[in-house]
Structure formats: C-alpha cells, structure tokens
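Undergrad: Contents of coords15.cif (mmCIF, C-alpha atoms and all ligand atoms):
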```
data_final
loop_
_atom_site.group_PDB
_atom_site.id
_atom_site.type_symbol
_atom_site.label_atom_id
_atom_site.label_comp_id
_atom_site.auth_asym_id
_atom_site.auth_seq_id
_atom_site.Cartn_x
_atom_site.Cartn_y
_atom_site.Cartn_z
ATOM 1 C CA MET A 1 -21.073 10.699 18.131
ATOM 2 C CA SER A 2 -21.450 12.704 14.967
ATOM 3 C CA TYR A 3 -20.379 10.609 12.027
ATOM 4 C CA HIS A 4 -17.590 12.892 10.935
ATOM 5 C CA GLU A 5 -15.932 13.060 14.347
ATOM 6 C CA VAL A 6 -12.145 12.740 14.259
ATOM 7 C CA PHE A 7 -9.300 12.342 16.699
ATOM 8 C CA LEU A 8 -6.034 14.125 16.111
ATOM 9 C CA LEU A 9 -2.664 12.414 15.840
ATOM 10 C CA LYS A 10 -0.212 14.339 17.989
ATOM 11 C CA LYS A 11 2.907 12.316 17.180
ATOM 12 C CA CYS A 12 4.362 10.309 14.322
ATOM 13 C CA PRO A 13 2.604 6.912 14.182
ATOM 14 C CA LEU A 14 5.789 5.256 12.888
ATOM 15 C CA CYS A 15 8.559 6.526 15.174
ATOM 16 C CA ASP A 16 6.563 8.280 17.983
ATOM 17 C CA SER A 17 8.404 11.579 17.453
ATOM 18 C CA GLU A 18 6.466 14.696 18.502
ATOM 19 C CA ARG A 19 8.443 16.835 16.038
ATOM 20 C CA THR A 20 5.853 17.116 13.274
ATOM 21 C CA LYS A 21 5.084 19.961 10.887
ATOM 22 C CA PRO A 22 1.972 20.687 8.767
ATOM 23 C CA VAL A 23 2.885 20.672 5.069
ATOM 24 C CA LYS A 24 -0.489 20.609 3.265
ATOM 25 C CA PHE A 25 -4.270 21.030 3.814
ATOM 26 C CA GLU A 26 -6.937 19.361 1.710
ATOM 27 C CA LYS A 27 -10.724 19.266 1.618
ATOM 28 C CA ASN A 28 -12.587 15.954 1.395
ATOM 29 C CA GLU A 29 -14.962 15.667 -1.579
ATOM 30 C CA PHE A 30 -16.687 12.283 -1.639
ATOM 31 C CA GLY A 31 -18.884 11.608 -4.612
ATOM 32 C CA SER A 32 -21.970 9.430 -4.539
ATOM 33 C CA GLY A 33 -21.788 5.678 -4.163
ATOM 34 C CA VAL A 34 -19.895 5.641 -0.875
ATOM 35 C CA HIS A 35 -21.261 4.620 2.521
ATOM 36 C CA GLU A 36 -23.358 7.438 4.099
ATOM 37 C CA ASP A 37 -21.065 7.630 7.147
ATOM 38 C CA VAL A 38 -18.133 8.133 4.782
ATOM 39 C CA GLU A 39 -20.013 10.675 2.661
ATOM 40 C CA SER A 40 -20.686 12.761 5.799
ATOM 41 C CA PHE A 41 -16.993 13.738 5.734
ATOM 42 C CA THR A 42 -17.533 15.740 2.523
ATOM 43 C CA GLY A 43 -16.405 19.327 3.101
ATOM 44 C CA THR A 44 -14.213 18.492 6.124
ATOM 45 C CA TRP A 45 -10.507 19.303 6.055
ATOM 46 C CA VAL A 46 -7.447 17.143 6.601
ATOM 47 C CA THR A 47 -3.907 18.223 7.451
ATOM 48 C CA LEU A 48 -0.807 16.506 6.109
ATOM 49 C CA LEU A 49 1.814 16.366 8.870
ATOM 50 C CA LYS A 50 5.424 15.475 8.173
ATOM 51 C CA CYS A 51 7.624 13.898 10.833
ATOM 52 C CA GLN A 52 10.878 15.829 11.195
ATOM 53 C CA ASP A 53 12.698 12.739 12.471
ATOM 54 C CA CYS A 54 11.792 9.891 10.084
ATOM 55 C CA SER A 55 10.215 11.901 7.181
ATOM 56 C CA PHE A 56 6.921 9.969 7.321
ATOM 57 C CA ALA A 57 3.941 12.093 6.200
ATOM 58 C CA PHE A 58 0.447 11.334 7.492
ATOM 59 C CA SER A 59 -3.074 12.603 8.030
ATOM 60 C CA LYS A 60 -3.442 14.451 11.336
ATOM 61 C CA GLU A 61 -7.217 13.855 11.429
ATOM 62 C CA ILE A 62 -8.328 10.225 11.748
ATOM 63 C CA PRO A 63 -12.056 9.314 11.744
ATOM 64 C CA SER A 64 -13.155 8.170 15.216
ATOM 65 C CA ASP A 65 -15.488 5.518 13.807
ATOM 66 C CA PRO A 66 -13.445 2.287 14.177
ATOM 67 C CA ASP A 67 -15.134 0.880 11.060
ATOM 68 C CA PHE A 68 -14.548 3.970 8.908
ATOM 69 C CA PHE A 69 -11.853 2.401 6.720
ATOM 70 C CA THR A 70 -13.809 -0.830 6.343
ATOM 71 C CA LYS A 71 -16.801 1.281 5.158
ATOM 72 C CA ARG A 72 -14.482 3.405 2.970
ATOM 73 C CA TYR A 73 -13.504 0.265 0.993
ATOM 74 C CA GLN A 74 -16.895 -1.424 0.720
ATOM 75 C CA PHE A 75 -17.313 -0.454 -2.931
ATOM 76 C CA ASN A 76 -19.029 -2.757 -5.344
ATOM 77 C CA PHE A 77 -15.837 -3.748 -7.137
ATOM 78 C CA ASP A 78 -16.173 -6.440 -9.749
ATOM 79 C CA PRO A 79 -14.244 -9.399 -8.273
ATOM 80 C CA GLY A 80 -14.026 -11.175 -11.647
ATOM 81 C CA PHE A 81 -12.404 -8.129 -13.240
ATOM 82 C CA GLU A 82 -9.964 -7.668 -10.366
ATOM 83 C CA TYR A 83 -8.969 -11.347 -10.423
ATOM 84 C CA ASN A 84 -8.191 -11.278 -14.136
ATOM 85 C CA ALA A 85 -6.949 -7.671 -14.384
ATOM 86 C CA ASN A 86 -3.504 -7.279 -15.917
ATOM 87 C CA TYR A 87 -2.781 -3.636 -15.034
ATOM 88 C CA LYS A 88 -0.482 -4.800 -12.239
ATOM 89 C CA SER A 89 1.320 -7.467 -14.287
ATOM 90 C CA SER A 90 4.686 -5.694 -14.428
ATOM 91 C CA ILE A 91 4.440 -4.967 -10.672
ATOM 92 C CA LEU A 92 3.847 -8.660 -9.953
ATOM 93 C CA VAL A 93 6.749 -9.783 -12.158
ATOM 94 C CA GLN A 94 9.069 -7.283 -10.459
ATOM 95 C CA THR A 95 7.837 -8.175 -6.937
ATOM 96 C CA PHE A 96 8.441 -11.896 -7.399
ATOM 97 C CA LYS A 97 11.839 -11.322 -9.017
ATOM 98 C CA LEU A 98 12.797 -9.400 -5.859
ATOM 99 C CA ILE A 99 11.379 -12.088 -3.544
ATOM 100 C CA GLU A 100 13.255 -14.867 -5.353
ATOM 101 C CA LYS A 101 16.511 -12.931 -5.138
ATOM 102 C CA TYR A 102 16.369 -13.107 -1.322
ATOM 103 C CA GLN A 103 14.054 -16.095 -0.686
ATOM 104 C CA PRO A 104 14.596 -18.620 -3.512
ATOM 105 C CA SER A 105 13.027 -21.555 -1.636
ATOM 106 C CA LYS A 106 9.464 -20.170 -2.154
ATOM 107 C CA GLY A 107 7.084 -21.910 0.346
ATOM 108 C CA LYS A 108 4.030 -20.466 2.046
ATOM 109 C CA LEU A 109 2.948 -16.938 1.032
ATOM 110 C CA LEU A 110 0.402 -14.625 2.696
ATOM 111 C CA ASP A 111 -0.924 -11.657 0.712
ATOM 112 C CA LEU A 112 -2.230 -8.980 3.082
ATOM 113 C CA GLY A 113 -4.980 -6.993 1.358
ATOM 114 C CA SER A 114 -5.428 -9.755 -1.216
ATOM 115 C CA PHE A 115 -8.414 -7.983 -2.838
ATOM 116 C CA GLY A 116 -9.425 -9.815 -6.051
ATOM 117 C CA GLY A 117 -6.797 -12.550 -5.634
ATOM 118 C CA ASN A 118 -4.623 -11.385 -8.517
ATOM 119 C CA LEU A 119 -1.319 -11.717 -6.620
ATOM 120 C CA MET A 120 -2.377 -15.037 -5.078
ATOM 121 C CA LYS A 121 -3.106 -16.403 -8.545
ATOM 122 C CA PHE A 122 0.334 -15.286 -9.784
ATOM 123 C CA ALA A 123 2.009 -16.809 -6.699
ATOM 124 C CA SER A 124 0.183 -20.149 -7.092
ATOM 125 C CA GLU A 125 1.187 -20.332 -10.759
ATOM 126 C CA HIS A 126 4.813 -19.803 -9.713
ATOM 127 C CA GLY A 127 5.004 -22.554 -7.103
ATOM 128 C CA TYR A 128 3.915 -20.850 -3.879
ATOM 129 C CA GLU A 129 1.260 -22.050 -1.479
ATOM 130 C CA ALA A 130 -0.725 -18.787 -1.344
ATOM 131 C CA GLU A 131 -3.277 -17.449 1.143
ATOM 132 C CA GLY A 132 -4.823 -14.021 1.606
ATOM 133 C CA VAL A 133 -6.237 -11.654 4.209
ATOM 134 C CA GLU A 134 -8.880 -9.211 2.952
ATOM 135 C CA VAL A 135 -11.302 -6.849 4.747
ATOM 136 C CA ASN A 136 -13.625 -6.374 1.745
ATOM 137 C CA LYS A 137 -16.260 -9.068 2.345
ATOM 138 C CA ASN A 138 -17.347 -9.287 -1.278
ATOM 139 C CA MET A 139 -13.794 -9.835 -2.516
ATOM 140 C CA ALA A 140 -12.894 -12.306 0.236
ATOM 141 C CA GLU A 141 -16.038 -14.374 -0.421
ATOM 142 C CA HIS A 142 -15.469 -14.398 -4.183
ATOM 143 C CA CYS A 143 -11.905 -15.682 -3.748
ATOM 144 C CA SER A 144 -12.878 -18.263 -1.112
ATOM 145 C CA LYS A 145 -16.033 -19.663 -2.716
ATOM 146 C CA THR A 146 -15.749 -19.071 -6.459
ATOM 147 C CA LEU A 147 -12.004 -19.427 -6.901
ATOM 148 C CA ASN A 148 -11.441 -21.900 -4.062
ATOM 149 C CA MET A 149 -8.624 -19.836 -2.533
ATOM 150 C CA VAL A 150 -7.857 -19.552 1.170
ATOM 151 C CA VAL A 151 -8.803 -15.966 2.082
ATOM 152 C CA HIS A 152 -9.413 -14.790 5.645
ATOM 153 C CA ASN A 153 -12.029 -12.003 5.810
ATOM 154 C CA THR A 154 -10.513 -10.089 8.719
ATOM 155 C CA LYS A 155 -8.012 -7.390 9.678
ATOM 156 C CA VAL A 156 -4.419 -8.599 9.881
ATOM 157 C CA GLN A 157 -4.194 -7.492 13.535
ATOM 158 C CA ASP A 158 -7.047 -9.933 14.280
ATOM 159 C CA PHE A 159 -5.446 -12.766 12.299
ATOM 160 C CA GLU A 160 -4.130 -14.688 15.276
ATOM 161 C CA GLY A 161 -2.860 -18.218 15.671
ATOM 162 C CA HIS A 162 -0.585 -18.200 12.636
ATOM 163 C CA ALA A 163 2.652 -16.866 14.176
ATOM 164 C CA GLY A 164 5.847 -18.021 12.449
ATOM 165 C CA GLU A 165 3.904 -19.741 9.674
ATOM 166 C CA TYR A 166 4.845 -17.893 6.483
ATOM 167 C CA ASP A 167 7.939 -17.750 4.269
ATOM 168 C CA VAL A 168 6.782 -14.683 2.355
ATOM 169 C CA ILE A 169 4.327 -11.891 3.230
ATOM 170 C CA THR A 170 3.287 -9.254 0.703
ATOM 171 C CA LEU A 171 1.746 -5.817 1.347
ATOM 172 C CA ILE A 172 1.332 -4.373 -2.146
ATOM 173 C CA ASP A 173 -0.478 -0.996 -2.386
ATOM 174 C CA VAL A 174 -2.054 -1.503 1.057
ATOM 175 C CA LEU A 175 -0.226 0.376 3.818
ATOM 176 C CA GLU A 176 -0.988 3.844 2.425
ATOM 177 C CA HIS A 177 -4.680 3.181 3.088
ATOM 178 C CA LEU A 178 -4.569 1.927 6.671
ATOM 179 C CA PHE A 179 -4.648 3.595 10.031
ATOM 180 C CA GLU A 180 -1.887 2.136 12.286
ATOM 181 C CA PRO A 181 0.584 1.045 9.573
ATOM 182 C CA ARG A 182 3.150 0.134 12.243
ATOM 183 C CA GLY A 183 0.676 -2.295 13.827
ATOM 184 C CA VAL A 184 0.246 -4.009 10.445
ATOM 185 C CA ILE A 185 4.020 -4.359 9.942
ATOM 186 C CA GLU A 186 4.374 -5.675 13.519
ATOM 187 C CA ALA A 187 1.639 -8.241 12.857
ATOM 188 C CA ALA A 188 3.314 -9.267 9.571
ATOM 189 C CA SER A 189 6.652 -9.645 11.355
ATOM 190 C CA LYS A 190 5.082 -12.041 13.897
ATOM 191 C CA LEU A 191 3.529 -14.125 11.112
ATOM 192 C CA LEU A 192 6.876 -14.662 9.341
ATOM 193 C CA LYS A 193 9.161 -17.656 9.880
ATOM 194 C CA PRO A 194 12.782 -16.845 10.788
ATOM 195 C CA GLY A 195 14.459 -16.238 7.410
ATOM 196 C CA GLY A 196 11.126 -15.255 5.846
ATOM 197 C CA VAL A 197 10.709 -12.037 3.882
ATOM 198 C CA LEU A 198 8.227 -9.160 3.894
ATOM 199 C CA VAL A 199 7.696 -7.100 0.734
ATOM 200 C CA ILE A 200 5.980 -3.705 0.907
ATOM 201 C CA LYS A 201 5.046 -1.499 -2.045
ATOM 202 C CA VAL A 202 3.782 2.037 -1.324
ATOM 203 C CA PRO A 203 3.546 5.475 -2.960
ATOM 204 C CA HIS A 204 6.675 7.570 -2.347
ATOM 205 C CA TYR A 205 5.828 10.832 -0.591
ATOM 206 C CA GLY A 206 8.355 13.303 -2.068
ATOM 207 C CA PRO A 207 7.959 12.450 -5.782
ATOM 208 C CA GLN A 208 4.164 11.996 -5.406
ATOM 209 C CA HIS A 209 3.803 15.407 -3.764
ATOM 210 C CA PHE A 210 5.948 16.999 -6.485
ATOM 211 C CA LYS A 211 3.947 15.303 -9.276
ATOM 212 C CA GLN A 212 0.639 16.391 -7.705
ATOM 213 C CA ASN A 213 1.762 20.009 -7.352
ATOM 214 C CA ILE A 214 2.801 20.081 -11.028
ATOM 215 C CA ALA A 215 -0.513 18.489 -12.124
ATOM 216 C CA ASN A 216 -2.525 20.964 -9.987
ATOM 217 C CA PHE A 217 -0.497 23.938 -11.239
ATOM 218 C CA PHE A 218 -1.081 23.099 -14.915
ATOM 219 C CA GLY A 219 -4.731 22.181 -14.316
ATOM 220 C CA ILE A 220 -4.152 18.559 -15.423
ATOM 221 C CA SER A 221 -5.688 17.266 -12.175
ATOM 222 C CA ASN A 222 -7.461 18.767 -9.163
ATOM 223 C CA ARG A 223 -7.010 15.603 -7.113
ATOM 224 C CA GLY A 224 -5.241 15.958 -3.783
ATOM 225 C CA ILE A 225 -2.526 13.767 -2.351
ATOM 226 C CA PHE A 226 -4.794 12.331 0.396
ATOM 227 C CA HIS A 227 -7.553 11.544 -2.073
ATOM 228 C CA ASN A 228 -10.385 11.617 0.506
ATOM 229 C CA PHE A 229 -8.741 9.477 3.191
ATOM 230 C CA GLY A 230 -7.564 7.172 0.395
ATOM 231 C CA HIS A 231 -3.858 7.738 1.029
ATOM 232 C CA ILE A 232 -3.495 8.661 4.698
ATOM 233 C CA ASN A 233 0.124 7.452 4.928
ATOM 234 C CA LEU A 234 2.928 8.693 2.699
ATOM 235 C CA PHE A 235 6.231 6.867 3.064
ATOM 236 C CA SER A 236 9.855 7.365 2.097
ATOM 237 C CA SER A 237 12.534 4.670 1.931
ATOM 238 C CA ARG A 238 13.961 6.149 5.147
ATOM 239 C CA SER A 239 10.704 6.051 7.137
ATOM 240 C CA LEU A 240 9.954 2.540 5.878
ATOM 241 C CA SER A 241 13.411 1.229 6.764
ATOM 242 C CA LYS A 242 13.170 2.743 10.253
ATOM 243 C CA VAL A 243 9.775 1.269 11.093
ATOM 244 C CA ILE A 244 10.678 -2.115 9.609
ATOM 245 C CA SER A 245 13.776 -2.266 11.843
ATOM 246 C CA LYS A 246 11.638 -1.305 14.884
ATOM 247 C CA CYS A 247 9.381 -4.270 14.064
ATOM 248 C CA GLY A 248 12.269 -6.765 14.232
ATOM 249 C CA LEU A 249 13.034 -7.065 10.523
ATOM 250 C CA GLU A 250 16.182 -6.294 8.549
ATOM 251 C CA PRO A 251 15.635 -4.065 5.482
ATOM 252 C CA LEU A 252 17.535 -5.551 2.515
ATOM 253 C CA GLU A 253 16.808 -3.413 -0.549
ATOM 254 C CA CYS A 254 14.415 -0.608 -1.578
ATOM 255 C CA ILE A 255 13.852 -0.378 -5.337
ATOM 256 C CA VAL A 256 11.898 1.899 -7.696
ATOM 257 C CA ALA A 257 8.552 0.118 -8.098
ATOM 258 C CA GLU A 258 7.063 -0.603 -11.505
ATOM 259 C CA SER A 259 3.935 1.354 -12.493
ATOM 260 C CA GLU A 260 0.411 0.188 -13.084
ATOM 261 C CA MET A 261 -0.108 -0.105 -16.862
ATOM 262 C CA TRP A 262 -3.661 1.000 -17.577
ATOM 263 C CA GLY A 263 -5.425 1.204 -20.891
ATOM 264 C CA SER A 264 -6.392 -0.489 -24.071
ATOM 265 C CA ASP A 265 -4.616 -0.906 -27.375
ATOM 266 C CA SER A 266 -5.109 2.768 -28.253
ATOM 267 C CA LEU A 267 -2.013 4.725 -29.278
ATOM 268 C CA LYS A 268 -2.478 7.189 -26.395
ATOM 269 C CA PHE A 269 -2.324 4.445 -23.739
ATOM 270 C CA LYS A 270 0.513 2.621 -25.490
ATOM 271 C CA LEU A 271 2.520 5.846 -25.524
ATOM 272 C CA LYS A 272 1.773 6.518 -21.825
ATOM 273 C CA ASN A 273 2.920 3.006 -20.915
ATOM 274 C CA ILE A 274 6.123 3.362 -22.963
ATOM 275 C CA ILE A 275 6.875 6.628 -21.093
ATOM 276 C CA ARG A 276 6.196 4.901 -17.723
ATOM 277 C CA THR A 277 8.612 2.089 -18.640
ATOM 278 C CA VAL A 278 11.345 4.466 -19.812
ATOM 279 C CA VAL A 279 11.007 6.644 -16.665
ATOM 280 C CA HIS A 280 11.047 3.574 -14.403
ATOM 281 C CA THR A 281 14.151 2.132 -16.102
ATOM 282 C CA ALA A 282 15.985 5.475 -15.917
ATOM 283 C CA LEU A 283 15.118 5.984 -12.212
ATOM 284 C CA GLU A 284 16.144 2.440 -11.288
ATOM 285 C CA ILE A 285 19.505 2.850 -13.068
ATOM 286 C CA PHE A 286 19.922 6.197 -11.266
ATOM 287 C CA ARG A 287 19.182 4.499 -7.917
ATOM 288 C CA LYS A 288 21.718 1.737 -8.565
ATOM 289 C CA ILE A 289 24.417 4.289 -9.383
ATOM 290 C CA THR A 290 23.699 6.931 -6.714
ATOM 291 C CA GLY A 291 21.742 5.058 -4.019
ATOM 292 C CA LEU A 292 19.002 7.691 -4.308
ATOM 293 C CA ASN A 293 15.465 6.373 -4.887
ATOM 294 C CA LEU A 294 13.299 8.952 -6.717
ATOM 295 C CA GLY A 295 10.520 6.580 -7.810
ATOM 296 C CA LEU A 296 6.873 7.631 -7.564
ATOM 297 C CA ASN A 297 6.353 4.267 -5.867
ATOM 298 C CA ILE A 298 8.855 2.204 -3.912
ATOM 299 C CA THR A 299 9.142 -1.474 -3.042
ATOM 300 C CA ILE A 300 11.135 -2.600 -0.033
ATOM 301 C CA ILE A 301 12.080 -6.135 0.992
ATOM 302 C CA ALA A 302 13.028 -7.067 4.565
ATOM 303 C CA LYS A 303 14.058 -10.295 6.261
ATOM 304 C CA LYS A 304 13.188 -11.766 9.637
ATOM 305 C CA ASN A 305 16.388 -12.989 11.294
HETATM 306 ZN ZN ZN B 1 8.553 9.667 12.486
#
```
Show this structure as structure tokens.
Ligand SMILES: [Zn+2]
TA:
Amino acid sequence: MSYHEVFLLKKCPLCDSERTKPVKFEKNEFGSGVHEDVESFTGTWVTLLKCQDCSFAFSKEIPSDPDFFTKRYQFNFDPGFEYNANYKSSILVQTFKLIEKYQPSKGKLLDLGSFGGNLMKFASEHGYEAEGVEVNKNMAEHCSKTLNMVVHNTKVQDFEGHAGEYDVITLIDVLEHLFEPRGVIEAASKLLKPGGVLVIKVPHYGPQHFKQNIANFFGISNRGIFHNFGHINLFSSRSLSKVISKCGLEPLECIVAESEMWGSDSLKFKLKNIIRTVVHTALEIFRKITGLNLGLNITIIAKKN
C-alpha cells in the first residue's frame, strides 16, 4: 500500500444518504514535524462533499491507513502548557453552565479527547468525578502519571466495559477531527446512564466556510477549511441533531459556542477578544429571538432517556 492511499466515501457518514454534492476542493500542504506517513499526503487533493439531506459536509477522501489520524495527532505538544492553558476558559464556563442547566446532580463525567486534562481539571474543581479518553499517548501518560488523573489511552470505540456508567460525557472540539463521527456518538450514547447528558462542541460549517472565503479573498489567510485533514467533518445544528437522535439521544438545545481567547496582554489581542465577546453575545441573542444559530462554533446538549 502506498502511504497516501485513500478510500472514497460514497454516502453521507451521518445519515447514509447518497445525495451528496462536491462544494470545495483543497490541496494538502503538510509542513515539517509531522509523521512521514502523514507528510506523504502533501500535494494530494481532498474534496468537500455536502449531504443534500442532512447538510453535513465531509471529506470524500479518507486515508486508508487505519492509524493515519493517530499519527496525524502525535505532535510533541507540551502537556504542562495544555493542562494550565486558559485560552478555553470561557468555553469551559459556558459548557458547564449548559450541563448544569439540564443535569444539576453532577456525578461521573467522561471527557472524550481529554488531551492535556484541562476540562477534567475544571470538572474536578466543580464537584465532578472526572475521567478521560485520549489517543495521544504523551498527553494520556502525562495526565495519568504526573497529574494522577484517570485517562484511558485508547479510542472511544475500543473503550468497552463501561456501558451506562457516566452522568455526563463531553466531546469538545473533537468530532471535527475524527473519521466515523457517528460511531463516536453511538459509543458515547452507550456509555451514558439513562438521564445522562452528552455535550458536543464543533465548528459550524456554513459560517466557517463563509469566514474562510472572506479571509482568502482579502488575502488575510490562505488556510483551507479542511486544514490538511484537520477538520474532515463540518457540522450544522441540523446534521448534529439528526445524528444524535439516530444514536438514541434527545437533542435539548444548540447554542452559539464561546470562542477561544488567545493572546497576551497586548492591546491587539485584548481588542480581538473584546470583538469575539461582542460578536458571540450578539449571535446568541439573535439565536434566542429567531431560533437561527449563526455561530462560527456550536455547542449542543442531548439527553439519554
Ligand atoms: Zn446526511
């Protein structure tokens, strides 16, 4: 097998519809520092297909190597930085406010894609018994050994023997990266107790595509929407609600997600973060009035009945 061999998705991986339409083509450009099997995809093309039935958008070409995505995420991240990073603070506050609205009794939480343990730390500090599942070995080991957290270094589909064990499961900024997103939601659904909740945060296809086109047009960014097999799944509130219902969960609410707040104390970053907050507040008010979610990122909560 050549390393950049792919198989082609012929139908929507969320709803199985065969009514799909190509909406964008992008070339992969991996820089140095990635695994050589991943780097071999440099110069290959990917097609963004959009499902005409559920509006899910996804990469038609999927690497045949079953370990491709594990290799894709084996960067040398600094676990200490990720554990203490505060760029997702407002996302965490918003996520837990949403969880406590629908699941006030707290209990046992599982963070899928727990990475540096940032969410688990927040959950523990707020009265949850938190565990994680993480495919990045370095991150999982750091959390388990150095921070004494329970982190399972595996894929969620292989995380067996824990059915019906959790009150809360979180999938924050994870599903856009994974092949077989429906399989992950199905696995999460099985792991939940009846009455438990699943929270998913993902980039929102329509507004993200629009933002990227504007940035490309004005030369602000030449980055594509797939970002080198980084974002292979692009959701909408409709496609998420549909797949969640198929997996035996009841969607409760889909809100405009808070943004990551990057940067230092410099005026430029402060200004950017003020703009992000104002835009988020305006879009969330708009959603509450009209029911239309136009956020660049969306967070959905669903319950297992
Ligand atoms: Zn579909």
Undergrad: Sorted by chain and rising residue number, list the residues of chain A at most 7 Å from ligand ZN 1 (chain B) (counting only C-alpha atoms and all ligand atoms), each with its closest atom pair and distance in Å to one decimal, as a tab-separated table.
TA:
```
residue	atom	partner	partner_atom	distance
A:Cys12	CA	B:ZN1	ZN	4.6
A:Pro13	CA	B:ZN1	ZN	6.8
A:Leu14	CA	B:ZN1	ZN	5.2
A:Cys15	CA	B:ZN1	ZN	4.1
A:Asp16	CA	B:ZN1	ZN	6.0
A:Ser17	CA	B:ZN1	ZN	5.3
A:Cys51	CA	B:ZN1	ZN	4.6
A:Gln52	CA	B:ZN1	ZN	6.7
A:Asp53	CA	B:ZN1	ZN	5.2
A:Cys54	CA	B:ZN1	ZN	4.0
A:Ser55	CA	B:ZN1	ZN	6.0
A:Phe56	CA	B:ZN1	ZN	5.4
A:Ser239	CA	B:ZN1	ZN	6.8
```
Undergrad: Choose the residue, out of A:Lys71, A:Arg287, A:Arg276, A:Lys303, that has the smallest atom-to-atom separation from Tyr102 of chain A; count all atoms listed in the file.
TA: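 Closest to Tyr102 of chain A, using all atoms listed in the file: A:Lys303.
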Undergrad: Please, what distance in Å, to one decimal, runs between atom CA of Ser64 of chain A and atom CA of Phe179 of chain A?
TA: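 Distance between the two atoms: 11.0 Å.
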Undergrad: My list of candidates is A:Gly31, A:Pro104, A:Gly43, A:Gly230. Which is closest to Thr70 of chain A when distances are computed with all atoms listed in the file?
TA: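 Ranked by minimum distance to Thr70 of chain A, first place goes to A:Gly230.
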Undergrad: Choose the residue, out of A:Ile214, A:Leu110, A:Ile200, A:Leu119, that has the smallest atom-to-atom separation from Val133 of chain A; count only C-alpha atoms.
TA: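 Nearest candidate to Val133 of chain A out of A:Ile214, A:Leu110, A:Ile200, A:Leu119: A:Leu110.
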Undergrad: Using all atoms listed in the file, pick whichever of A:Ile255, A:Lys50, A:Asp167, A:Val202 has the shortest atom-to-atom distance to Ile285 of chain A.
TA: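 Of A:Ile255, A:Lys50, A:Asp167, A:Val202, the one nearest Ile285 of chain A is A:Ile255, counting all atoms listed in the file.
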Undergrad: Could you check which of A:Ser114, A:Thr170, A:Asn216, A:Ser89 is closest to His152 of chain A, using all atoms listed in the file?
TA: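 Closest to His152 of chain A, using all atoms listed in the file: A:Ser114.
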Undergrad: If the PyMOL selection byres (((chain A and resi 111) around 9) and not hetatm) is run on the structure shown, which residues does it catch, given as a count of residues only?
TA: 18
Undergrad: Using the chain letters and numbers from the file, give me the residues hit by the PyMOL selection byres (((chain A and resi 177) around 9) and not hetatm), as a ChimeraX atom specification.
TA: /A:69,173-176,178-179,181,229-233
Undergrad: Rounded to one decimal in Å, what is the spacing between atom CA of Glu36 of chain A and atom CA of Gln74 of chain A?
TA: 11.5 Å
Undergrad: Could you tell me, as a PyMOL selection string, exactly which residues end up selected when the PyMOL selection byres (((chain A and resi 159) around 12) and not hetatm) is applied to this structure?
TA: chain A and resi 110+112+132-135+151-158+160-163+165+184+187-188+190-191
Undergrad: By how many Å are atom CA of Lys24 of chain A and atom CA of Asn297 of chain A apart?
TA: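 Interatomic distance, atom CA of Lys24 of chain A to atom CA of Asn297 of chain A: 19.9 Å.
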Undergrad: Taking all atoms listed in the file into account, which of A:Cys247, A:Leu296, A:Leu49, A:Ile99 comes nearest His204 of chain A?
TA: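 Ranked by minimum distance to His204 of chain A, first place goes to A:Leu296.
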Undergrad: Considering only C-alpha atoms, return as a ChimeraX atom specification whatever protein or nucleic-acid residues lie within 12 Å of Gly263 of chain A, sequence-local ones (same chain, fewer than 3 positions apart) excluded.
TA: /A:85-88,260,266-274
Undergrad: Dump as JSON, numbers by chain all residues having an atom at most 7 Å from (-12.6, 17.7, -1.5), computed in the file's coordinates with only C-alpha atoms.
TA: {"A": [26, 27, 28, 29, 30, 42, 43, 228]}
Undergrad: Report, as AutoDock Vina command-line options, the centre and edge lengths in Å (one decimal) of the axis-aligned box enclosing every listed atom of segment 263-275 of chain A, padded by 6 Å on each side.
TA:
```
--center_x 0.2 --center_y 3.1 --center_z -25.1 --size_x 25.3 --size_y 20.1 --size_z 20.4
```
Undergrad: Could you give me, as a PyMOL selection string, the residues within 9 Å of segment 142-147 of chain A, counting only C-alpha atoms and dropping anything in the same chain fewer than 6 positions from it?
TA: chain A and resi 79-80+83+115-117
Undergrad: Which residues come within 12 Å of Ser245 of chain A, counting all atoms listed in the file, excluding same-chain residues fewer than 2 positions away, as a list in words?
TA: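 Skipping anything fewer than 2 positions along the chain leaves Leu14, Cys15, Arg182, Ile185, Glu186, Ser189, Leu198, Arg238, Ser239, Leu240, Ser241, Lys242, Val243, Cys247, Gly248, Leu249, Glu250, Pro251, Leu252, Ile301, Ala302, Lys303, Lys304 and Asn305 of chain A.
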Undergrad: I need the residues from that last selection saved to file as a compact mmCIF listing (two decimals), in the frame of the given file (with C-alpha atoms), if you can.
TA:
```
# COMPACT_ATOMS: atom_id res chain seq x y z
CA LEU A 14 5.79 5.26 12.89
CA CYS A 15 8.56 6.53 15.17
CA ARG A 182 3.15 0.13 12.24
CA ILE A 185 4.02 -4.36 9.94
CA GLU A 186 4.37 -5.68 13.52
CA SER A 189 6.65 -9.64 11.36
CA LEU A 198 8.23 -9.16 3.89
CA ARG A 238 13.96 6.15 5.15
CA SER A 239 10.70 6.05 7.14
CA LEU A 240 9.95 2.54 5.88
CA SER A 241 13.41 1.23 6.76
CA LYS A 242 13.17 2.74 10.25
CA VAL A 243 9.78 1.27 11.09
CA CYS A 247 9.38 -4.27 14.06
CA GLY A 248 12.27 -6.76 14.23
CA LEU A 249 13.03 -7.06 10.52
CA GLU A 250 16.18 -6.29 8.55
CA PRO A 251 15.64 -4.07 5.48
CA LEU A 252 17.54 -5.55 2.52
CA ILE A 301 12.08 -6.14 0.99
CA ALA A 302 13.03 -7.07 4.57
CA LYS A 303 14.06 -10.30 6.26
CA LYS A 304 13.19 -11.77 9.64
CA ASN A 305 16.39 -12.99 11.29
```
